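One file, run_1.cif, carrying mmCIF, C-alpha atoms and all ligand atoms:
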```cif
data_coords
loop_
_atom_site.label_atom_id
_atom_site.label_comp_id
_atom_site.auth_asym_id
_atom_site.auth_seq_id
_atom_site.Cartn_x
_atom_site.Cartn_y
_atom_site.Cartn_z
CA MET A 20 17.63 -19.44 3.36
CA SER A 21 15.57 -18.94 0.23
CA HIS A 22 13.35 -21.46 -1.59
CA PRO A 23 12.36 -21.36 -5.27
CA PRO A 24 9.10 -19.44 -5.71
CA LEU A 25 5.93 -21.48 -5.85
CA LYS A 26 2.65 -20.49 -7.45
CA VAL A 27 0.30 -21.71 -4.74
CA TRP A 28 -2.97 -20.39 -6.11
CA GLU A 29 -4.33 -19.29 -9.45
CA ASP A 30 -7.91 -18.68 -10.53
CA ALA A 31 -9.55 -16.14 -12.82
CA GLN A 32 -9.03 -13.31 -10.32
CA GLN A 33 -6.26 -14.16 -7.86
CA SER A 34 -2.69 -15.47 -8.16
CA VAL A 35 -0.58 -16.16 -5.08
CA TYR A 36 3.17 -16.78 -5.12
CA GLN A 37 5.12 -18.05 -2.13
CA GLY A 38 8.73 -16.91 -2.36
CA ASP A 39 11.15 -14.03 -2.60
CA CYS A 40 9.58 -11.12 -4.43
CA LEU A 41 12.82 -10.35 -6.28
CA GLU A 42 12.78 -13.79 -7.84
CA VAL A 43 9.05 -13.81 -8.58
CA LEU A 44 9.22 -10.34 -10.13
CA ARG A 45 12.19 -11.39 -12.29
CA THR A 46 10.82 -14.71 -13.46
CA ALA A 47 7.02 -14.77 -13.31
CA ILE A 48 5.54 -11.31 -13.91
CA PRO A 49 5.59 -9.97 -17.49
CA ASP A 50 6.91 -6.44 -18.03
CA SER A 51 4.27 -3.68 -18.54
CA SER A 52 1.44 -5.91 -17.27
CA ILE A 53 0.38 -4.23 -14.00
CA ASP A 54 -2.05 -1.32 -13.52
CA LEU A 55 -1.40 -0.73 -9.82
CA VAL A 56 1.42 -1.73 -7.44
CA PHE A 57 0.97 -1.48 -3.68
CA ALA A 58 4.27 -2.15 -1.90
CA ASP A 59 4.51 -2.36 1.89
CA PRO A 60 7.94 -3.93 2.54
CA PRO A 61 9.64 -4.77 5.83
CA TYR A 62 10.77 -1.40 7.23
CA ASN A 63 14.22 -2.41 8.59
CA ILE A 64 13.07 -1.64 12.12
CA GLY A 65 13.63 -5.05 13.68
CA LYS A 66 10.08 -6.51 13.51
CA ARG A 67 9.82 -10.28 13.36
CA PHE A 68 7.88 -11.85 10.51
CA GLY A 69 7.93 -15.49 11.64
CA THR A 70 11.56 -16.60 11.30
CA PHE A 71 12.50 -13.56 9.15
CA SER A 72 13.98 -10.65 11.05
CA ASP A 73 13.41 -7.26 9.52
CA SER A 74 16.92 -6.00 10.16
CA TRP A 75 19.61 -5.24 7.58
CA PRO A 76 23.31 -4.77 8.44
CA SER A 77 23.10 -1.09 7.44
CA GLU A 78 20.64 1.47 6.12
CA ALA A 79 22.63 1.52 2.86
CA SER A 80 22.18 -2.22 2.32
CA TYR A 81 18.46 -1.95 3.10
CA VAL A 82 18.00 0.95 0.65
CA SER A 83 19.92 -0.91 -2.04
CA TRP A 84 17.64 -3.98 -1.56
CA CYS A 85 14.56 -1.71 -1.83
CA GLN A 86 15.92 -0.14 -5.01
CA GLN A 87 16.19 -3.58 -6.63
CA TRP A 88 12.55 -4.58 -6.16
CA LEU A 89 11.32 -1.02 -6.76
CA ASP A 90 13.04 -0.96 -10.16
CA LEU A 91 11.43 -4.30 -11.01
CA CYS A 92 8.00 -3.02 -9.91
CA VAL A 93 8.40 0.02 -12.16
CA GLN A 94 9.37 -2.31 -15.03
CA LYS A 95 6.20 -4.36 -14.45
CA LEU A 96 3.90 -1.31 -14.50
CA LYS A 97 1.90 -0.53 -17.64
CA PRO A 98 2.65 2.87 -19.24
CA HIS A 99 -0.39 4.36 -17.49
CA GLY A 100 0.15 2.51 -14.20
CA SER A 101 0.41 3.79 -10.61
CA LEU A 102 2.54 2.77 -7.67
CA TYR A 103 1.97 3.31 -3.94
CA LEU A 104 4.91 2.76 -1.61
CA MET A 105 4.96 2.58 2.17
CA ALA A 106 8.21 2.85 4.13
CA SER A 107 9.54 4.03 7.46
CA THR A 108 9.76 7.79 8.03
CA GLN A 109 13.57 7.55 8.15
CA CYS A 110 14.03 5.58 4.91
CA MET A 111 11.34 7.14 2.76
CA PRO A 112 13.52 10.12 1.70
CA TRP A 113 16.04 7.73 0.08
CA LEU A 114 13.30 5.87 -1.76
CA ASP A 115 11.54 9.11 -2.75
CA LEU A 116 14.78 10.37 -4.37
CA HIS A 117 15.33 7.05 -6.11
CA LEU A 118 11.77 6.80 -7.45
CA ARG A 119 11.46 10.34 -8.67
CA ALA A 120 14.19 9.66 -11.24
CA GLN A 121 11.81 7.23 -12.98
CA LEU A 122 8.24 8.08 -11.90
CA HIS A 123 6.23 11.22 -11.21
CA ILE A 124 5.37 11.51 -7.54
CA LEU A 125 1.91 13.03 -7.35
CA SER A 126 1.25 12.82 -3.61
CA ARG A 127 3.23 12.36 -0.45
CA ILE A 128 0.59 10.94 1.86
CA VAL A 129 0.66 10.75 5.63
CA TRP A 130 -1.28 7.88 7.17
CA THR A 131 -1.87 8.99 10.74
CA TYR A 132 -3.39 7.00 13.58
CA ASP A 133 -4.52 7.57 17.11
CA SER A 134 -1.75 6.04 19.21
CA SER A 135 1.41 3.98 18.95
CA GLY A 136 1.94 1.07 21.32
CA VAL A 137 4.87 2.63 23.14
CA GLN A 138 4.62 6.24 24.33
CA ALA A 139 7.83 8.22 23.71
CA ARG A 140 9.04 10.21 26.72
CA ARG A 141 12.14 11.97 25.39
CA HIS A 142 11.09 12.87 21.86
CA PHE A 143 7.86 13.35 19.87
CA GLY A 144 6.46 9.86 19.30
CA SER A 145 5.74 8.80 15.73
CA LEU A 146 2.06 8.67 14.90
CA TYR A 147 2.22 8.36 11.15
CA GLU A 148 3.59 6.38 8.23
CA PRO A 149 4.44 7.96 4.88
CA ILE A 150 3.00 6.70 1.58
CA LEU A 151 4.15 7.79 -1.88
CA PHE A 152 1.70 7.87 -4.77
CA ALA A 153 3.56 7.88 -8.09
CA VAL A 154 2.60 7.38 -11.73
CA LYS A 155 4.47 6.62 -14.94
CA ASN A 156 2.66 9.23 -17.03
CA PRO A 157 1.33 12.35 -15.25
CA ARG A 158 -0.92 13.16 -18.23
CA HIS A 159 -2.56 9.73 -18.36
CA TYR A 160 -3.28 7.70 -15.25
CA THR A 161 -6.35 6.37 -13.44
CA PHE A 162 -7.76 8.56 -10.69
CA ASN A 163 -11.41 7.92 -9.80
CA ALA A 164 -12.11 11.08 -7.82
CA GLU A 165 -15.83 10.27 -7.57
CA ALA A 166 -15.19 6.89 -5.94
CA ILE A 167 -13.27 8.25 -2.92
CA GLN A 168 -15.18 11.37 -1.93
CA VAL A 169 -15.18 12.39 1.73
CA GLU A 170 -17.22 14.99 3.57
CA ALA A 171 -16.17 18.61 2.93
CA LYS A 172 -16.67 20.34 6.26
CA THR A 173 -17.21 23.81 4.80
CA GLY A 174 -20.10 22.63 2.65
CA ALA A 175 -21.59 19.79 4.66
CA GLN A 176 -21.38 21.15 8.22
CA ARG A 177 -21.08 24.92 7.95
CA GLN A 178 -23.35 25.17 4.91
CA LEU A 179 -21.51 28.23 3.57
CA ILE A 180 -22.23 29.92 0.27
CA ASP A 181 -19.40 30.47 -2.20
CA TYR A 182 -19.80 34.10 -3.30
CA ARG A 183 -16.89 33.81 -5.74
CA LYS A 184 -19.25 31.90 -8.01
CA ASN A 185 -21.69 33.73 -10.26
CA PRO A 186 -24.43 33.21 -9.21
CA PRO A 187 -23.31 32.37 -5.65
CA ALA A 188 -23.75 28.66 -4.89
CA PRO A 189 -23.44 26.46 -1.79
CA TYR A 190 -20.03 24.83 -1.27
CA SER A 191 -19.91 21.17 -2.27
CA ASN A 192 -20.71 18.64 0.48
CA THR A 193 -17.92 16.32 -0.59
CA LYS A 194 -14.33 16.48 -1.85
CA VAL A 195 -11.33 14.36 -2.79
CA PRO A 196 -9.42 13.58 0.43
CA GLY A 197 -6.25 15.57 1.12
CA ASN A 198 -2.91 13.90 1.72
CA VAL A 199 -3.37 13.33 5.46
CA TRP A 200 -5.35 10.15 5.99
CA HIS A 201 -6.84 9.15 9.33
CA PHE A 202 -7.49 5.42 9.59
CA SER A 203 -7.18 3.56 12.84
CA ARG A 204 -4.66 0.73 12.97
CA VAL A 205 -5.93 -2.83 12.93
CA ARG A 206 -6.30 -4.04 16.49
CA TYR A 207 -7.03 -7.38 18.11
CA ARG A 208 -10.77 -8.19 18.07
CA MET A 209 -11.53 -5.96 15.09
CA PRO A 210 -13.42 -8.09 12.53
CA GLU A 211 -10.60 -7.74 9.97
CA TYR A 212 -7.82 -8.64 12.45
CA GLN A 213 -5.32 -11.29 11.28
CA GLN A 214 -2.31 -12.63 13.15
CA HIS A 215 0.29 -10.49 11.44
CA PRO A 216 2.55 -7.88 13.08
CA THR A 217 2.08 -5.11 10.50
CA GLN A 218 -1.39 -5.66 9.01
CA LYS A 219 -2.69 -2.57 7.17
CA PRO A 220 -6.35 -1.49 7.48
CA GLU A 221 -8.75 -2.49 4.72
CA ALA A 222 -10.04 1.12 4.62
CA LEU A 223 -6.57 2.33 3.56
CA LEU A 224 -6.33 -0.19 0.73
CA GLU A 225 -9.90 0.48 -0.27
CA ARG A 226 -9.13 4.15 -0.87
CA ILE A 227 -6.00 3.32 -2.88
CA ILE A 228 -7.64 0.63 -5.01
CA LEU A 229 -10.82 2.64 -5.65
CA ALA A 230 -8.81 5.73 -6.62
CA SER A 231 -6.16 4.13 -8.79
CA SER A 232 -7.75 1.16 -10.56
CA GLN A 233 -10.88 0.09 -12.41
CA PRO A 234 -12.76 -3.18 -11.90
CA GLY A 235 -10.84 -5.88 -13.79
CA ASP A 236 -7.49 -4.03 -13.56
CA GLN A 237 -4.37 -5.94 -12.51
CA ILE A 238 -2.93 -5.17 -9.06
CA LEU A 239 0.40 -6.43 -7.68
CA ASP A 240 1.44 -6.63 -4.01
CA PRO A 241 5.03 -7.90 -3.65
CA PHE A 242 4.79 -8.09 0.18
CA ALA A 243 1.33 -9.51 0.81
CA GLY A 244 1.69 -10.11 4.57
CA SER A 245 -1.83 -10.79 5.81
CA PHE A 246 -3.21 -10.34 2.26
CA THR A 247 -5.10 -7.11 2.96
CA THR A 248 -4.60 -5.87 -0.61
CA ALA A 249 -5.83 -9.18 -2.03
CA ALA A 250 -8.90 -9.25 0.25
CA VAL A 251 -9.93 -5.72 -0.77
CA ALA A 252 -9.17 -6.40 -4.46
CA GLN A 253 -11.39 -9.49 -4.26
CA ARG A 254 -14.28 -7.45 -2.85
CA LEU A 255 -13.79 -4.69 -5.44
CA GLN A 256 -13.44 -7.13 -8.35
CA ARG A 257 -9.89 -6.36 -9.37
CA GLN A 258 -7.34 -8.94 -10.61
CA MET A 259 -4.65 -9.60 -8.01
CA ILE A 260 -1.11 -10.99 -7.85
CA SER A 261 0.21 -11.45 -4.30
CA ILE A 262 3.76 -12.43 -3.31
CA GLU A 263 4.73 -13.43 0.22
CA GLN A 264 7.77 -15.40 1.35
CA ASN A 265 6.51 -16.68 4.70
CA PRO A 266 4.59 -19.98 4.18
CA ASP A 267 2.46 -19.49 7.32
CA TYR A 268 1.29 -16.06 6.14
CA VAL A 269 0.53 -17.56 2.72
CA GLN A 270 -1.66 -20.24 4.31
CA ALA A 271 -3.45 -17.64 6.47
CA GLY A 272 -3.89 -15.45 3.38
CA LEU A 273 -5.43 -18.29 1.38
CA LYS A 274 -7.89 -18.77 4.27
CA ARG A 275 -8.67 -15.04 4.40
CA LEU A 276 -9.51 -15.15 0.69
CA GLY A 277 -11.81 -18.14 1.23
CA PHE A 278 -9.62 -20.61 -0.70
CA LEU A 279 -8.90 -22.84 2.31
CA ASP A 280 -11.08 -23.88 5.29
C1 LIG A 301 5.02 -4.94 6.18
S1 LIG A 301 4.54 -6.55 5.88
C2 LIG A 301 3.19 -6.39 4.73
C3 LIG A 301 1.87 -6.21 5.43
C4 LIG A 301 0.67 -6.18 4.50
N1 LIG A 301 0.60 -4.96 3.72
C5 LIG A 301 -0.61 -6.38 5.27
O1 LIG A 301 -1.51 -5.51 5.22
O2 LIG A 301 -0.71 -7.39 5.96
C6 LIG A 301 5.84 -7.15 4.89
C7 LIG A 301 5.72 -8.62 4.50
O3 LIG A 301 6.75 -8.92 3.54
C8 LIG A 301 7.18 -10.25 3.73
N2 LIG A 301 8.51 -10.34 3.09
C9 LIG A 301 9.71 -9.94 3.61
N3 LIG A 301 10.68 -10.08 2.68
C10 LIG A 301 10.09 -10.57 1.57
C11 LIG A 301 10.57 -10.91 0.28
N4 LIG A 301 11.87 -10.79 -0.03
N5 LIG A 301 9.68 -11.37 -0.64
C12 LIG A 301 8.37 -11.50 -0.32
N6 LIG A 301 7.85 -11.21 0.90
C13 LIG A 301 8.70 -10.74 1.83
C14 LIG A 301 7.16 -10.45 5.24
O4 LIG A 301 7.03 -11.80 5.57
C15 LIG A 301 5.92 -9.62 5.64
O5 LIG A 301 4.77 -10.44 5.74
#
```

Produce structure tokens that represent the structure in this file.
Amino acid sequence: MSHPPLKVWEDAQQSVYQGDCLEVLRTAIPDSSIDLVFADPPYNIGKRFGTFSDSWPSEASYVSWCQQWLDLCVQKLKPHGSLYLMASTQCMPWLDLHLRAQLHILSRIVWTYDSSGVQARRHFGSLYEPILFAVKNPRHYTFNAEAIQVEAKTGAQRQLIDYRKNPPAPYSNTKVPGNVWHFSRVRYRMPEYQQHPTQKPEALLERIILASSQPGDQILDPFAGSFTTAAVAQRLQRQMISIEQNPDYVQAGLKRLGFLD
């Protein structure tokens, strides 16, 4: 059962909509107004989000639903905007093919973590989730390489000299991260833990937001969940539009952002 979308919060930095993202995207978000989209939808793997069950009658119907909101997200992006998409390993190929007809996919990222809850015994257990990083214009997009530097082992630990340079110079101590990202999953008792079945780590969103937006830029998350994107955007002084259909998650999100006691 769907309810009409409700704008439940708006201030100078944050807007929160409670409702179906398809409807909010169609009716409330102007075209070409968003610098960065981060989309982490239900994966069609049978998780429960409150009363909503993340299970479609077929993979085809799930993919067709994803294509609808993905097309709207692309329509909402500014000409120099970026989009990050998370999906299950099995469905990502469909969405990759669909998106590459309209965006330029610059990175296929693997977010890998230490252990999954259930250990597989008859196949190789899944220890990663794929993330696509795509832009509208590959010649003009935001990428703040300096803001996301990580340690470069060759330079920082082994202290090697690069003899290909003239004169030879030490290797740099830092570098832009590659496309395999190690961040541990959010677990009970971690300070950032919220009661949500698929909460993403703040460190993951921090890297994405720092790399692909400037302070003051407009970010959109059509599946806010526990409002991780909004919490990190708040800390990093970006503008944020969050959409979430579950009223309990919206209330918890407003608390996480400090708007409710
Ligand atoms: C994978 S979770 C997002 C998790 C989030 N990235 C976080 O870090 O907490 C997907 C969320 O989408 C919400 N959702 C499912 N269908 C939706 C729809 N049609 N419109 C808006 N939200 C929806 C679910 O309630 C769930 O909280």

Expected selection as a PyMOL selection string for ligand LIG 301 (chain A) within 7 Å, all atoms listed in the file: chain A and resi 38-41+59-62+68+71+215+217-220+241-248+262-265+268

Could you write those residues out with C-alpha atoms, as a compact mmCIF listing (two decimals), keeping the file's coordinate frame?
```txt
# COMPACT_ATOMS: atom_id res chain seq x y z
CA GLY A 38 8.73 -16.91 -2.36
CA ASP A 39 11.15 -14.03 -2.60
CA CYS A 40 9.58 -11.12 -4.43
CA LEU A 41 12.82 -10.35 -6.28
CA ASP A 59 4.51 -2.36 1.89
CA PRO A 60 7.94 -3.93 2.54
CA PRO A 61 9.64 -4.77 5.83
CA TYR A 62 10.77 -1.40 7.23
CA PHE A 68 7.88 -11.85 10.51
CA PHE A 71 12.50 -13.56 9.15
CA HIS A 215 0.29 -10.49 11.44
CA THR A 217 2.08 -5.11 10.50
CA GLN A 218 -1.39 -5.66 9.01
CA LYS A 219 -2.69 -2.57 7.17
CA PRO A 220 -6.35 -1.49 7.48
CA PRO A 241 5.03 -7.90 -3.65
CA PHE A 242 4.79 -8.09 0.18
CA ALA A 243 1.33 -9.51 0.81
CA GLY A 244 1.69 -10.11 4.57
CA SER A 245 -1.83 -10.79 5.81
CA PHE A 246 -3.21 -10.34 2.26
CA THR A 247 -5.10 -7.11 2.96
CA THR A 248 -4.60 -5.87 -0.61
CA ILE A 262 3.76 -12.43 -3.31
CA GLU A 263 4.73 -13.43 0.22
CA GLN A 264 7.77 -15.40 1.35
CA ASN A 265 6.51 -16.68 4.70
CA TYR A 268 1.29 -16.06 6.14
```

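As for CA of Arg158 (chain A) and CA of Ala120 (chain A), they are spaced 17.0 Å apart.
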
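Residues lying within 12 Å of Arg226 (chain A), counting only C-alpha atoms and ignoring same-chain neighbours fewer than 4 positions away, are Phe57, Tyr103, Trp130, Phe162, Asn163, Ala164, Glu165, Ala166, Ile167, Gln168, Val169, Val195, Pro196, Gly197, Asn198, Trp200, His201, Phe202, Pro220, Glu221, Ala222, Ala230, Ser231, Ser232, Thr248, Val251, Ala252 and Leu255 of chain A.
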
Shell of 10 Å around Ala106 (chain A), only C-alpha atoms, local chain residues under 4 positions omitted, as number ranges by chain: A: 58-63, 85, 110-112, 114-115, 148-151

d(CA of Ser34 (chain A), CA of Trp88 (chain A)) in Å: 18.8 Å

Residue contacts of Ala47 (chain A) (10 Å, all atoms listed in the file) excluding same-chain residues fewer than 4 positions away, as number ranges by chain: A: 24, 26, 36, 40, 42-43

C-alpha atoms of the current selection, written as a PDB file, keeping the file's coordinate frame:
```
ATOM      1  CA  PRO A  24       9.100 -19.440  -5.710  1.00  0.00           C
ATOM      2  CA  LYS A  26       2.650 -20.490  -7.450  1.00  0.00           C
ATOM      3  CA  TYR A  36       3.170 -16.780  -5.120  1.00  0.00           C
ATOM      4  CA  CYS A  40       9.580 -11.120  -4.430  1.00  0.00           C
ATOM      5  CA  GLU A  42      12.780 -13.790  -7.840  1.00  0.00           C
ATOM      6  CA  VAL A  43       9.050 -13.810  -8.580  1.00  0.00           C
TER       7      VAL A  43
END
```

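Across the model, the gap from CA of Asp50 (chain A) to CA of Val35 (chain A) is 17.8 Å.
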
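Ranking A:Asp73, A:Glu78, A:Asp54, A:Asp133 by their shortest atom-to-atom distance to Val93 (chain A), with all atoms listed in the file included, puts A:Asp54 first.
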
Selection: 12 Å around Gln253 (chain A), only C-alpha atoms, excl. self and same-chain fewer than 5 positions, as a PyMOL selection string: chain A and resi 30-34+221+224-225+228+234-238+246-248+258-261+275-278
